[in-house]
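Asker: If you scroll down you'll find the structure; I have some questions about it.
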Amino acid sequence: MSAFDQATGAAAARNPQPHGGLVRSVRDALVVAQRNLIRMLRIPEVVIFGLIQPIMFVVLFTYVFGGSIAVPGAPAGDAQAYREFLMAGIFAQTVTFATAGAGAGIADDMHKGLIDRFRSLPMSRGAVLTGRTLADLVQTALTLVVLAVVALLIGWRSHENPASVLAGFALLLLLGYAFSWIGALIGLSVRTPEAATSGGLLWLFPLTFISNAFVPVNGMPAFLQHVAEWNPFSATVAGARQLFGNTIEGVPQSVTGAWPMEHPVLASVIWSVLIIVVFRTLAVRKYRSATA
Amino acid sequence: MPGAIYAEGLVKTFGEVRALDGVDLDVPEGTVLGMLGPNGAGKTTAVRVLTTLLRPDRGTARVAGVDVVAHPDAVRRAIGLSGQFAAVDEYLTGRENLVMVGRLYQMSGRDAKRRAAELLERFNLGDAADRTAKTYSGGMRRRLDLAAALVVSPPVMFMDEPTTGLDPRNRQALWDVIQELVAGGTTLLLTTQYLEEADRLAHDICVVDHGRVIARGTSDQLKARTGGERIEVVVHAPEHLPVAEGVLRAVAKGDGAVDPHTRRLTFPVTGGAKLLAEVIRELDSRGVEIDDIGLRRPTLDDVFIALTGHTAEAARDGGDTPADGDRAGAATTKEGVR
Ligand SMILES: Nc1ncnc2c1ncn2[C@@H]1O[C@H](COP(=O)(O)OP(=O)(O)OP(=O)(O)O)[C@@H](O)[C@H]1O
Ligand SMILES: [Mg+2]
């Protein structure tokens, strides 16, 4: 058996866990993340289409709605005020699209039998999903960079120091990461990648529109104002707006007096962490019993 | 001592379907069990339960001495799996696929690369190693998947229809690999539709149908059960069938089969070549023109037909519900040869 030397393999089988549990989990997750990043490079269409939609939204919202939406505290028709108001909303909506990417990716892996392959390997339990969500985080960050450049080009400006701006983007990425775990659960629960894509996007529209992202909540019916201000998504939008310095001096942060709007950064972190904990737990449990 | 693969009373249902209905297995270390059965018999389900991908509803299973339900992680460290459908990442190259699997078996990067290179050569994928698997043919994907199952040369291997879709040369190459592995002490459970393959590779064979093991034993034992040799005659013209049937019935040791379509008559006999010569003379003297005549020993195909009521070929071509009509002796052979 010289050409087909079993020594390498046999040694690995005898000594299967050279690393401790946590090191092994991180290592496995990075191996899977690397695999998903290679895939993204080989299917750049996915990343490119992922960019087109938010860019289209930026342009459409600024030029179509910009002149007719009154931002509280700014004169009616102040397009610059709306641009600054809008951008955190578009950024936040963009990061939530990570849901569809993660969902479709995992559903596709199930469909192709790759999840079976992974589940038959002695790898750590959460690694396939963590690897996927980490790769999606990289893609989301990339998308945000491009989108921020486009935003700057059409006149978005931040009025805070760079550290605060970075914190704003970190807050957005945390939300994106949290949402990719929702996507992971969707991907494991549906039968086809197509279903995961539409299932991943469908509910995002009410979620992101019944919020403070695109229009101020002042104009909504009272009932929707409550919904919008307690919407986890709104907390991130408000938090990012605050960290970017895109709020207007003297305008109350909340219409209904909702707590998350009074402390948007903290609220956003709490919401995101909560989503991660809940959906990661559910998704990993589902993964362990998943069958294609 | 129970074998490297051991199962007792495995039951798995999917809604109404009892995919496994009390499967017992015992594969001694270093041997190959060939699992035969028509489509939908439960072969893949059995493999999935034994490789920790599915939880059985009832029953116990141990692989490499470890309970699959209680300690799936320990089982995974001891097994390699090549499923019925190639599970490779199409957007990675062949090499990247194997390196990834190696790393997930906790190999170092360098070991994983070396092993990947070895396996790519071994499975005739050297030239395609750095192309994405998307560009591979079906047989190449299959081989890449098999290579992935062999990354760590685990002590226990599962291969679900490993040679389906391989050309004869690559099938032969895989058989060689399997024989080497087994010579090196690996235990293998192999499902197949190719009876020749089971005959050639497996120490023991079990036939599964409707989620049950309906027969088991060595290839020779199973053939012996199906009966001894038989004479097969193809007459030139359909009009000759009745005469030929009369001749054969006179010497036969039991009931035979007459197929007017193919003008083929098959009757069990004892007496070998001497009897064959007599039959030829007799047919000749009665003016029966013969297209083909021969003495056939039972093949595993005969075993398969006798036990499951249809041919392996038919099973391969679909038809998930076997013709229940003549599942001859399914009940009586259930206890098996051993
Ligand atoms: N995930 C599932 N959900 C529902 N039914 C299933 C599932 N997996 C298998 N079955 C059913 O269980 C039975 C056994 O299927 P299995 O795949 O084990 O057969 P098999 O012997 O491998 O067949 P083949 O030769 O076609 O591969 C079939 O009736 C199949 O329809
Ligand atoms: Mg099968």
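As shown in the structure tokens, the chain order sets the letters A, B, ...; within each chain, residues go from 1, and ligands are also counted from 1 in the order they appear.
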What residues of the protein or nucleic acid chains come within 7 Å of ligand 2 when you use only C-alpha atoms and all ligand atoms? Reply as a ChimeraX atom specification.

Answerer: /B:39-40,42-44,84,160

Asker: Can you check which residues of chain B have any atom within 9 Å of chain A? Use only C-alpha atoms and format it as an MDAnalysis selection string.

Answerer: chainID B and resid 51:55 72:83 85:92 96:97 100:107 111:112 114:115 118:119 122 149:155 177 180:181 184

Asker: For each of A:Leu152, A:Ile276, A:Arg191, A:Asp78, take the minimum atom-to-atom distance to ligand 1, counting only C-alpha atoms and all ligand atoms, then give the residue where this is smallest.

Answerer: A:Arg191

Asker: Contacts of range 200-205 of chain A at 9 Å or less, counting only C-alpha atoms, minus same-chain residues fewer than 4 places along, as a list of chain:residue names?

Answerer: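 Once the adjacent positions are removed, what remains is A:Gln93, A:Thr96, A:Phe97, A:Ala98, A:Thr99, A:Ala100, A:Gly101, A:Ala102, A:Gly103, A:Ala104, A:Ile182, A:Gly183, A:Ile186, A:Gly187, A:Ala195, A:Ala196, A:Phe209, A:Ile210.
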
Asker: Just N, CA and C atoms for this one: save the residues we selected as a short mmCIF file (atom, residue, chain, number, x, y, z; two decimals), in the first residue's frame.

Answerer:
data_model
loop_
_atom_site.label_atom_id
_atom_site.label_comp_id
_atom_site.auth_asym_id
_atom_site.auth_seq_id
_atom_site.Cartn_x
_atom_site.Cartn_y
_atom_site.Cartn_z
N GLN A 93 -31.08 48.46 5.96
CA GLN A 93 -31.85 47.52 5.14
C GLN A 93 -30.91 46.59 4.37
N THR A 96 -29.65 43.67 6.32
CA THR A 96 -30.62 42.60 6.60
C THR A 96 -30.76 41.63 5.42
N PHE A 97 -30.32 42.06 4.23
CA PHE A 97 -30.39 41.15 3.09
C PHE A 97 -29.45 39.95 3.24
N ALA A 98 -28.53 40.04 4.20
CA ALA A 98 -27.66 38.89 4.48
C ALA A 98 -28.50 37.66 4.81
N THR A 99 -29.72 37.90 5.30
CA THR A 99 -30.62 36.79 5.63
C THR A 99 -30.83 35.88 4.42
N ALA A 100 -31.13 36.53 3.29
CA ALA A 100 -31.43 35.75 2.09
C ALA A 100 -30.20 34.99 1.62
N GLY A 101 -29.03 35.64 1.69
CA GLY A 101 -27.80 34.99 1.25
C GLY A 101 -27.51 33.75 2.06
N ALA A 102 -27.56 33.89 3.39
CA ALA A 102 -27.26 32.76 4.26
C ALA A 102 -28.29 31.65 4.05
N GLY A 103 -29.55 32.05 3.95
CA GLY A 103 -30.62 31.05 3.79
C GLY A 103 -30.45 30.28 2.51
N ALA A 104 -30.24 31.00 1.40
CA ALA A 104 -30.12 30.32 0.11
C ALA A 104 -28.88 29.44 0.10
N ILE A 182 -30.91 34.25 11.33
CA ILE A 182 -32.31 33.99 10.98
C ILE A 182 -32.35 33.28 9.64
N GLY A 183 -31.51 33.77 8.71
CA GLY A 183 -31.44 33.16 7.39
C GLY A 183 -31.00 31.70 7.48
N ILE A 186 -33.90 29.67 8.37
CA ILE A 186 -34.82 29.55 7.22
C ILE A 186 -34.24 28.54 6.22
N GLY A 187 -32.96 28.67 5.94
CA GLY A 187 -32.32 27.79 4.96
C GLY A 187 -32.43 26.33 5.35
N ALA A 195 -36.82 28.82 -2.41
CA ALA A 195 -37.73 29.12 -1.30
C ALA A 195 -37.00 29.90 -0.22
N ALA A 196 -35.74 29.56 0.01
CA ALA A 196 -34.98 30.25 1.04
C ALA A 196 -34.77 31.71 0.66
N PHE A 209 -39.89 48.47 6.31
CA PHE A 209 -40.70 49.64 5.96
C PHE A 209 -41.52 50.18 7.13
N ILE A 210 -41.96 49.26 8.02
CA ILE A 210 -42.66 49.76 9.21
C ILE A 210 -41.59 50.10 10.24
#

Asker: Restricting the calculation to only C-alpha atoms and all ligand atoms, which member of B:Arg286, B:His210, B:Arg296, B:Lys253 is positioned closest to ligand 1?

Answerer: B:His210

Asker: Give as an NGL selection string the residues surrounding ligand 1 up to a distance of 9 Å, considering only C-alpha atoms and all ligand atoms.

Answerer: (:A and (291-292)) or (:B and (12-20 or 36-48 or 84 or 160-161 or 191-193 or 208-211 or 315-316 or 318 or 320-321))

Asker: Put those residues in a file: N, CA, C and O atoms, as a short mmCIF file (atom, residue, chain, number, x, y, z; two decimals), in the first residue's frame.

Answerer:
data_model
loop_
_atom_site.label_atom_id
_atom_site.label_comp_id
_atom_site.auth_asym_id
_atom_site.auth_seq_id
_atom_site.Cartn_x
_atom_site.Cartn_y
_atom_site.Cartn_z
N THR A 291 -32.21 16.79 7.56
CA THR A 291 -32.05 15.78 6.52
C THR A 291 -32.49 16.38 5.21
O THR A 291 -33.49 17.09 5.15
N ALA A 292 -31.70 16.11 4.20
CA ALA A 292 -32.00 16.71 2.90
C ALA A 292 -33.27 16.11 2.32
O ALA A 292 -33.63 15.01 2.63
N LYS B 12 -36.98 2.63 11.13
CA LYS B 12 -37.07 4.05 10.81
C LYS B 12 -38.28 4.24 9.91
O LYS B 12 -38.39 3.62 8.87
N THR B 13 -39.19 5.09 10.32
CA THR B 13 -40.37 5.34 9.48
C THR B 13 -40.36 6.78 9.03
O THR B 13 -39.89 7.68 9.72
N PHE B 14 -40.85 6.99 7.80
CA PHE B 14 -41.09 8.33 7.29
C PHE B 14 -42.58 8.40 7.04
O PHE B 14 -43.05 7.90 6.02
N GLY B 15 -43.32 8.97 7.95
CA GLY B 15 -44.78 8.97 7.80
C GLY B 15 -45.29 7.54 7.75
O GLY B 15 -45.09 6.77 8.68
N GLU B 16 -45.91 7.20 6.63
CA GLU B 16 -46.48 5.87 6.47
C GLU B 16 -45.43 4.82 6.09
O GLU B 16 -45.61 3.63 6.30
N VAL B 17 -44.34 5.32 5.51
CA VAL B 17 -43.35 4.39 4.95
C VAL B 17 -42.43 3.84 6.04
O VAL B 17 -41.80 4.60 6.78
N ARG B 18 -42.37 2.52 6.14
CA ARG B 18 -41.40 1.92 7.05
C ARG B 18 -40.13 1.65 6.25
O ARG B 18 -39.98 0.59 5.65
N ALA B 19 -39.25 2.62 6.23
CA ALA B 19 -38.04 2.49 5.42
C ALA B 19 -37.13 1.40 5.99
O ALA B 19 -36.49 0.67 5.25
N LEU B 20 -37.07 1.31 7.32
CA LEU B 20 -36.37 0.20 7.97
C LEU B 20 -37.36 -0.46 8.91
O LEU B 20 -38.03 0.22 9.68
N LEU B 36 -27.67 -5.67 -0.94
CA LEU B 36 -28.42 -5.63 -2.19
C LEU B 36 -29.88 -5.36 -1.88
O LEU B 36 -30.35 -5.69 -0.79
N GLY B 37 -30.58 -4.83 -2.84
CA GLY B 37 -32.01 -4.63 -2.64
C GLY B 37 -32.57 -3.73 -3.71
O GLY B 37 -31.85 -2.90 -4.24
N PRO B 38 -33.85 -3.92 -4.03
CA PRO B 38 -34.46 -3.08 -5.07
C PRO B 38 -34.57 -1.62 -4.62
O PRO B 38 -34.32 -1.31 -3.46
N ASN B 39 -34.95 -0.76 -5.52
CA ASN B 39 -35.15 0.66 -5.19
C ASN B 39 -36.15 0.79 -4.06
O ASN B 39 -37.18 0.11 -4.05
N GLY B 40 -35.84 1.64 -3.13
CA GLY B 40 -36.76 1.89 -2.03
C GLY B 40 -36.72 0.83 -0.95
O GLY B 40 -37.54 0.83 -0.04
N ALA B 41 -35.75 -0.10 -1.04
CA ALA B 41 -35.69 -1.19 -0.07
C ALA B 41 -35.29 -0.69 1.32
O ALA B 41 -35.64 -1.30 2.33
N GLY B 42 -34.56 0.42 1.36
CA GLY B 42 -34.11 0.94 2.65
C GLY B 42 -32.60 0.94 2.81
O GLY B 42 -32.09 1.19 3.90
N LYS B 43 -31.87 0.70 1.73
CA LYS B 43 -30.40 0.64 1.82
C LYS B 43 -29.81 1.97 2.26
O LYS B 43 -29.01 2.04 3.19
N THR B 44 -30.22 3.03 1.56
CA THR B 44 -29.68 4.34 1.89
C THR B 44 -30.07 4.75 3.31
O THR B 44 -29.27 5.31 4.05
N THR B 45 -31.30 4.44 3.67
CA THR B 45 -31.74 4.77 5.02
C THR B 45 -30.86 4.05 6.06
O THR B 45 -30.44 4.66 7.05
N ALA B 46 -30.55 2.79 5.79
CA ALA B 46 -29.69 2.04 6.72
C ALA B 46 -28.32 2.71 6.82
O ALA B 46 -27.79 2.91 7.92
N VAL B 47 -27.77 3.09 5.67
CA VAL B 47 -26.46 3.75 5.68
C VAL B 47 -26.54 5.06 6.45
O VAL B 47 -25.65 5.38 7.26
N ARG B 48 -27.62 5.80 6.25
CA ARG B 48 -27.73 7.09 6.93
C ARG B 48 -27.88 6.94 8.44
O ARG B 48 -27.37 7.76 9.20
N GLN B 84 -25.02 8.15 -1.71
CA GLN B 84 -25.52 7.73 -3.01
C GLN B 84 -25.33 8.82 -4.07
O GLN B 84 -25.12 8.52 -5.24
N ASP B 160 -22.40 4.03 -0.57
CA ASP B 160 -23.76 3.79 -1.06
C ASP B 160 -23.72 3.84 -2.59
O ASP B 160 -23.57 4.91 -3.18
N GLU B 161 -23.82 2.69 -3.20
CA GLU B 161 -23.74 2.56 -4.67
C GLU B 161 -22.52 3.29 -5.24
O GLU B 161 -22.67 4.19 -6.07
N THR B 191 -23.40 -0.73 -0.55
CA THR B 191 -24.67 -1.08 -1.19
C THR B 191 -24.43 -1.05 -2.68
O THR B 191 -23.58 -0.31 -3.17
N THR B 192 -25.13 -1.87 -3.39
CA THR B 192 -24.91 -1.90 -4.83
C THR B 192 -26.10 -2.48 -5.56
O THR B 192 -26.91 -3.21 -4.98
N GLN B 193 -26.22 -2.12 -6.81
CA GLN B 193 -27.22 -2.73 -7.67
C GLN B 193 -26.53 -3.72 -8.60
O GLN B 193 -27.18 -4.44 -9.33
N VAL B 208 -31.91 -6.88 1.07
CA VAL B 208 -32.88 -6.09 1.82
C VAL B 208 -34.08 -5.83 0.93
O VAL B 208 -33.92 -5.57 -0.27
N ASP B 209 -35.26 -5.94 1.49
CA ASP B 209 -36.46 -5.55 0.76
C ASP B 209 -37.49 -5.08 1.77
O ASP B 209 -37.62 -5.65 2.85
N HIS B 210 -38.20 -4.04 1.43
CA HIS B 210 -39.21 -3.47 2.34
C HIS B 210 -38.67 -3.27 3.74
O HIS B 210 -39.34 -3.56 4.72
N GLY B 211 -37.44 -2.78 3.83
CA GLY B 211 -36.90 -2.45 5.14
C GLY B 211 -36.49 -3.64 5.99
O GLY B 211 -36.21 -3.48 7.17
N ALA B 315 -35.06 -3.12 -11.03
CA ALA B 315 -35.00 -2.29 -9.83
C ALA B 315 -34.22 -1.02 -10.14
O ALA B 315 -34.59 0.06 -9.72
N ARG B 316 -33.17 -1.18 -10.93
CA ARG B 316 -32.33 -0.04 -11.25
C ARG B 316 -33.10 0.97 -12.10
O ARG B 316 -32.91 2.15 -12.02
N GLY B 318 -36.07 1.82 -11.92
CA GLY B 318 -37.18 2.49 -11.25
C GLY B 318 -38.22 1.47 -10.82
O GLY B 318 -37.95 0.29 -10.74
N ASP B 320 -40.57 1.72 -7.76
CA ASP B 320 -40.25 1.61 -6.34
C ASP B 320 -41.03 0.53 -5.63
O ASP B 320 -40.60 0.03 -4.61
N THR B 321 -42.20 0.19 -6.17
CA THR B 321 -42.96 -0.84 -5.51
C THR B 321 -42.78 -2.16 -6.25
O THR B 321 -43.25 -2.31 -7.36
#
